[in-house]
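Chemist: One structure, as structure tokens, below. Some questions next.
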Amino acid sequence: MIPNFFEKYLPTKIRPRILLFGFLCGFLAASFASVGVGAIINRRAEIAETTWIGPVIARVYEDISRMPLERRLLSVGNFNRSDAVQFALVKEHELRDAQSLDSYFLLNTNSQYGPNPRIYLDLFDRNPRQKILKSDYPPEDLTAKLTFLVSAIARHDSRAMLYIPFANGERLVVSSPKYWQARITEVQWLLICLAGMAFSGVLYAVGTRALLRPFKILSENSNELNTLNIKSFWPEEAIGVAYRLSTEQKEKAEVLDERTRMLTAISHDLRTPATRLRLRAEYIEDENLRNKILSDLDLMLGMTRDAIDFLKGGLEREEEEYFEIVSLVQSICVDFSDVGMPVIFMPIQYPTLRTTGTVFSSHEKSVPLDGMLKGNMKGRPKALQRAITDLVANAVKYGFQAKVSLTIEPSRVLIEVMDKGPGIPEDEMENVLKPFYRLEKSRNRETGGSGLGLSIVNSVIQAHHGHFDLINLPVQGLNATVDIPRSIEAT
């Protein structure tokens, strides 16, 4: 009931929210990506745009070089191009010690056709990257060199100034507040983009987990909803699911208790007439008829008892306790063997550690753990005894013999009951675990039984958080495997 309810409820209520939240997180990630890529594209466009400054600087330098000395200082401001490129002229006697050209980076501007004036670079808060400032092809003249340099300087993403000295000691100071400015680099934009996308992914994962966590808690505690602490901040749908499931469980528990009480009353009421019939049957002279009547009475009472056991969850409620599984399984096999049943208890299997070779020794060794591991475990011994007894009895009844093997591992116990019977058809493996289901062909009705044995076994193993499997052997026979942890609390 619970899985079907979640499958019907989640697609109509929660999945649209998850899809909407995923769309918003995807939109956020795409926004980070578009902003980062757009910023990188704009940065590269600005760097490419700076190439027009190079010829301007070269022309201004040549124009000022041809001017008389007394006009240079007054005319230099006329060459400014707003904040794109600005010029200033500093005389030699105005230089301070900290502004000595020797403290700046010297750019090589000589070409294959002759020397060019020296150019000094000041990047303020960054060191020049020579790989960017170095041209693969020698410039033909000062204009070509400056055209290359202005874009290379812009790629540093830092404030910068160029100093071009004249022969009389004056120097031309070139700055570009628009292009030579401190800004975010391509690498930083890429990291911001990746960080934003990663944040969007983490936000989606955390948000989705927060939306689904109440339902996960409900699914993990579906059998204990009455004691579950429902949080007020849970989604309205989760709270509704919890209350509806709790109501359904209460109703099912009441119906089950009513059926159990009814069957218990019927069983109790049947015992009195059954006892009278058994006493009266003793006076029947026909032995064959008397045995048939007694057999039918035992079958009727057995079926009623099995039905009550199944409705109560396999067996009466039993407290967990520590016990020794080896003694329990061995005693069951001994009890069957004492009455002449073909039941064989195989040697106990323990895991083996294998050591690999080293540089000092290439030999491999096997270390058995049979002396280190014991069969102590925590569970419900009476319930397990009933389940294993039913498996061995079925193997003897339908498979003509039973071989019981026991494997002890540090965290689990594996019990296998093998027989030599006809096995179970593969398409009937799931059906035989259903209550009151009997096989027409491979399990003869005349042998008795109510079809509840394997159902009770399966419920007992599930109560121990274990696994119960039925596997047909390759040639002939059936292998019933019980895999249970050594502590119910550890699962």
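Chain lettering (A, B, ...) mirrors the order of the structure tokens, residue numbering begins at 1 for each chain separately, and ligand numbering begins at 1 in order of display.
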At a cut-off of 10 Å, using only C-alpha atoms, what residues contact Ile57 of chain A? Leave out same-chain residues fewer than 4 positions from it and give the result as a PDB file with N, CA and C atoms, in the first residue's frame.
Modeler:
ATOM      1  N   TRP A  52      43.843  51.347 -31.894  1.00  0.00           N
ATOM      2  CA  TRP A  52      43.868  52.668 -32.536  1.00  0.00           C
ATOM      3  C   TRP A  52      44.694  53.673 -31.741  1.00  0.00           C
ATOM      4  N   ILE A  53      44.964  53.355 -30.447  1.00  0.00           N
ATOM      5  CA  ILE A  53      45.739  54.291 -29.628  1.00  0.00           C
ATOM      6  C   ILE A  53      47.204  54.310 -30.054  1.00  0.00           C
ATOM      7  N   TYR A  61      53.959  61.804 -30.369  1.00  0.00           N
ATOM      8  CA  TYR A  61      55.386  61.860 -30.045  1.00  0.00           C
ATOM      9  C   TYR A  61      56.161  62.570 -31.143  1.00  0.00           C
ATOM     10  N   GLU A  62      55.888  62.249 -32.391  1.00  0.00           N
ATOM     11  CA  GLU A  62      56.595  62.891 -33.494  1.00  0.00           C
ATOM     12  C   GLU A  62      56.248  64.376 -33.581  1.00  0.00           C
ATOM     13  N   ASP A  63      54.972  64.730 -33.363  1.00  0.00           N
ATOM     14  CA  ASP A  63      54.572  66.134 -33.425  1.00  0.00           C
ATOM     15  C   ASP A  63      55.244  66.941 -32.333  1.00  0.00           C
ATOM     16  N   PHE A  79      46.311  67.146 -27.382  1.00  0.00           N
ATOM     17  CA  PHE A  79      46.278  65.820 -28.029  1.00  0.00           C
ATOM     18  C   PHE A  79      45.441  64.786 -27.263  1.00  0.00           C
ATOM     19  N   VAL A  85      42.781  58.259 -24.171  1.00  0.00           N
ATOM     20  CA  VAL A  85      44.231  58.426 -24.115  1.00  0.00           C
ATOM     21  C   VAL A  85      44.511  59.871 -23.710  1.00  0.00           C
ATOM     22  N   GLN A  86      45.394  60.023 -22.716  1.00  0.00           N
ATOM     23  CA  GLN A  86      45.749  61.336 -22.196  1.00  0.00           C
ATOM     24  C   GLN A  86      47.267  61.470 -22.160  1.00  0.00           C
ATOM     25  N   PHE A  87      47.724  62.700 -22.429  1.00  0.00           N
ATOM     26  CA  PHE A  87      49.157  62.963 -22.518  1.00  0.00           C
ATOM     27  C   PHE A  87      49.532  64.029 -21.506  1.00  0.00           C
ATOM     28  N   LEU A 142      58.064  52.751 -34.992  1.00  0.00           N
ATOM     29  CA  LEU A 142      57.497  53.052 -33.694  1.00  0.00           C
ATOM     30  C   LEU A 142      55.985  52.875 -33.686  1.00  0.00           C
ATOM     31  N   THR A 143      55.313  53.213 -34.784  1.00  0.00           N
ATOM     32  CA  THR A 143      53.854  53.068 -34.837  1.00  0.00           C
ATOM     33  C   THR A 143      53.431  51.613 -34.694  1.00  0.00           C
ATOM     34  N   LEU A 146      54.030  50.495 -31.024  1.00  0.00           N
ATOM     35  CA  LEU A 146      53.052  51.012 -30.086  1.00  0.00           C
ATOM     36  C   LEU A 146      51.673  50.392 -30.315  1.00  0.00           C
ATOM     37  N   THR A 147      51.325  50.085 -31.558  1.00  0.00           N
ATOM     38  CA  THR A 147      50.047  49.415 -31.834  1.00  0.00           C
ATOM     39  C   THR A 147      49.980  48.061 -31.147  1.00  0.00           C
ATOM     40  N   VAL A 150      49.967  48.728 -26.925  1.00  0.00           N
ATOM     41  CA  VAL A 150      48.784  49.233 -26.222  1.00  0.00           C
ATOM     42  C   VAL A 150      47.799  48.112 -25.906  1.00  0.00           C
ATOM     43  N   LEU A 162      52.827  54.912 -19.793  1.00  0.00           N
ATOM     44  CA  LEU A 162      54.017  54.817 -20.633  1.00  0.00           C
ATOM     45  C   LEU A 162      54.815  56.106 -20.499  1.00  0.00           C
ATOM     46  N   ILE A 164      57.889  58.082 -22.421  1.00  0.00           N
ATOM     47  CA  ILE A 164      58.760  58.140 -23.604  1.00  0.00           C
ATOM     48  C   ILE A 164      59.634  59.381 -23.453  1.00  0.00           C
ATOM     49  N   LEU A 172      57.390  62.130 -22.203  1.00  0.00           N
ATOM     50  CA  LEU A 172      55.967  62.149 -22.526  1.00  0.00           C
ATOM     51  C   LEU A 172      55.278  61.052 -21.714  1.00  0.00           C
ATOM     52  N   VAL A 174      51.983  58.910 -21.011  1.00  0.00           N
ATOM     53  CA  VAL A 174      50.775  58.474 -21.709  1.00  0.00           C
ATOM     54  C   VAL A 174      49.963  57.592 -20.760  1.00  0.00           C
TER      55      VAL A 174
END
Chemist: Which residues, written as a compact mmCIF listing (two decimals) with N, CA, C and O atoms, in the first residue's frame, have at least one atom at most 12 Å from Pro410 of chain A, with only C-alpha atoms counted and residues fewer than 6 positions away on the same chain left out?
Modeler:
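Full text of out21.txt as output:
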# COMPACT_ATOMS: atom_id res chain seq x y z
N TYR A 350 33.63 -20.71 7.55
CA TYR A 350 34.13 -19.44 8.04
C TYR A 350 34.89 -18.73 6.91
O TYR A 350 35.48 -19.40 6.04
N PRO A 351 34.92 -17.40 6.90
CA PRO A 351 35.68 -16.71 5.85
C PRO A 351 37.18 -16.92 6.03
O PRO A 351 37.66 -17.23 7.13
N THR A 352 37.90 -16.75 4.96
CA THR A 352 39.34 -16.94 4.94
C THR A 352 40.01 -15.69 4.39
O THR A 352 39.60 -15.16 3.36
N LEU A 369 39.49 -18.02 9.69
CA LEU A 369 39.01 -17.28 10.84
C LEU A 369 38.10 -18.12 11.73
O LEU A 369 37.33 -17.59 12.52
N ASP A 370 38.17 -19.45 11.58
CA ASP A 370 37.26 -20.30 12.35
C ASP A 370 37.53 -20.24 13.85
O ASP A 370 36.62 -20.45 14.66
N MET A 372 38.46 -17.50 15.39
CA MET A 372 38.26 -16.12 15.85
C MET A 372 36.79 -15.72 15.89
O MET A 372 36.39 -14.90 16.70
N LEU A 373 35.98 -16.27 14.99
CA LEU A 373 34.58 -15.89 14.90
C LEU A 373 33.70 -16.87 15.68
O LEU A 373 33.89 -18.08 15.61
N LYS A 374 32.76 -16.34 16.40
CA LYS A 374 31.77 -17.12 17.11
C LYS A 374 30.40 -16.87 16.50
O LYS A 374 30.20 -15.96 15.72
N GLY A 375 29.45 -17.75 16.88
CA GLY A 375 28.11 -17.62 16.32
C GLY A 375 27.15 -16.78 17.14
O GLY A 375 25.94 -16.89 16.96
N ASN A 376 27.68 -15.96 18.05
CA ASN A 376 26.81 -15.13 18.87
C ASN A 376 26.16 -14.04 18.01
O ASN A 376 26.82 -13.39 17.20
N MET A 377 24.88 -13.81 18.21
CA MET A 377 24.16 -12.77 17.49
C MET A 377 22.97 -12.32 18.32
O MET A 377 22.63 -12.94 19.34
N ILE A 484 20.93 -13.13 7.14
CA ILE A 484 20.49 -12.19 8.17
C ILE A 484 21.71 -11.54 8.82
O ILE A 484 22.76 -12.17 8.96
N PRO A 485 21.59 -10.28 9.23
CA PRO A 485 22.68 -9.63 9.97
C PRO A 485 22.77 -10.19 11.37
O PRO A 485 21.81 -10.69 11.92
N ARG A 486 23.95 -10.03 11.95
CA ARG A 486 24.16 -10.57 13.30
C ARG A 486 23.61 -9.65 14.38
O ARG A 486 23.62 -10.01 15.55
N SER A 487 23.14 -8.48 13.97
CA SER A 487 22.50 -7.57 14.93
C SER A 487 21.43 -6.79 14.19
O SER A 487 21.71 -6.17 13.17
Chemist: To one decimal place, how far is atom CA of Val206 of chain A from atom CA of Ala242 of chain A in Å?
Modeler: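 That distance, rounded to one decimal, is 22.3 Å.
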Chemist: Suppose you want the space between atom CA of Ser175 of chain A and atom CA of Val35 of chain A; what is it in Å?
Modeler: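 Atom-to-atom, atom CA of Ser175 of chain A and atom CA of Val35 of chain A are spaced 28.7 Å apart.
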Chemist: Excluding Glu321 of chain A and any residue of its chain fewer than 5 positions from it, enumerate the residues within 8 Å of it, using only C-alpha atoms, and give them as a ChimeraX atom specification.
Modeler: /A:378-381
Chemist: For segment 178-187 of chain A, please output as JSON, numbers by chain all residues within 12 Å (counting only C-alpha atoms; exclusion window: fewer than 5 positions along the same chain).
Modeler: {"A": [36, 37, 38, 39, 40, 41, 42, 43, 44, 45, 46, 47, 48, 49, 50, 51, 52, 53, 81, 82, 83, 84, 85, 86, 121, 122, 123, 124, 125, 126, 149, 150, 151, 152, 153, 154, 155, 156, 157, 158, 159, 160, 161, 162, 192, 193, 194]}
Chemist: For a quick check of understanding, using only C-alpha atoms, which of A:Ser200, A:Gln401, A:Ser455, A:Ser65 has the smallest distance to Glu170 of chain A?
Modeler: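 Closest to Glu170 of chain A of all the choices is A:Ser65.
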Chemist: If we count only C-alpha atoms, what is near segment 270-275 of chain A at a cut-off of 10 Å, once residues fewer than 2 positions away on the same chain are taken out, given as number ranges by chain?
Modeler: A: 264-268, 277-281, 294, 297-298, 300-301, 304
Chemist: Here is a test: counting only C-alpha atoms, which residue of A:Asn291, A:Thr407, A:Asn479, A:Gln188 is nearest to Ile424 of chain A?
Modeler: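 So, comparing all the options, the nearest one is A:Asn479.
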Chemist: So how many Å separate atom CA of Ile325 of chain A and atom CA of Ala393 of chain A, to one decimal?
Modeler: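 Here the two named atoms are 18.5 Å from each other.
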Chemist: Please return as a list in words: the residues of segment 398-484 of chain A that backbone DSSP assigns to alpha helix (DSSP H).
Modeler: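 Matching residues for alpha helix (DSSP H) in segment 398-484 of chain A are Tyr398, Gly399, Gly453, Leu454, Ser455, Ile456, Val457, Asn458, Ser459, Val460, Ile461, Gln462 and Ala463 of chain A.
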Chemist: Output C-alpha atoms for every residue in the selection just made, as a PDB file, in the first residue's frame.
Modeler:
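selection.pdb, written as the output of this step:
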ATOM      1  CA  TYR A 398       9.018 -32.376  -0.642  1.00  0.00           C
ATOM      2  CA  GLY A 399      12.711 -32.842  -1.412  1.00  0.00           C
ATOM      3  CA  GLY A 453       4.825 -21.912   5.800  1.00  0.00           C
ATOM      4  CA  LEU A 454       7.031 -19.920   3.418  1.00  0.00           C
ATOM      5  CA  SER A 455       5.022 -16.753   4.082  1.00  0.00           C
ATOM      6  CA  ILE A 456       5.745 -17.030   7.796  1.00  0.00           C
ATOM      7  CA  VAL A 457       9.420 -17.774   7.099  1.00  0.00           C
ATOM      8  CA  ASN A 458       9.668 -14.723   4.869  1.00  0.00           C
ATOM      9  CA  SER A 459       8.015 -12.467   7.471  1.00  0.00           C
ATOM     10  CA  VAL A 460      10.387 -13.718  10.199  1.00  0.00           C
ATOM     11  CA  ILE A 461      13.481 -13.065   8.041  1.00  0.00           C
ATOM     12  CA  GLN A 462      12.212  -9.609   7.091  1.00  0.00           C
ATOM     13  CA  ALA A 463      11.662  -8.847  10.776  1.00  0.00           C
TER      14      ALA A 463
END
Chemist: Write out as a ChimeraX atom specification each polymer residue whose atoms come within 8 Å of Cys25 of chain A, counting only C-alpha atoms; drop sequence neighbours fewer than 4 positions from it.
Modeler: /A:21,29,200-201,203-204
Chemist: Quick one: DSSP strand (DSSP E or B) residues in segment 24-112 of chain A, as a list in words?
Modeler: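 After running DSSP on the backbone, segment 24-112 of chain A has strand (DSSP E or B) at Arg81, Val85, Gln86, Phe87, Ala88, Leu89, Val90, Phe105, Leu106, Leu107 and Ser111 of chain A.
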Chemist: Pick out the closest residue to Tyr104 of chain A from this set: A:Lys91, A:His464, A:Arg386, A:Arg118. Count only C-alpha atoms.
Modeler: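 Closest residue, counting only C-alpha atoms: A:Arg118.
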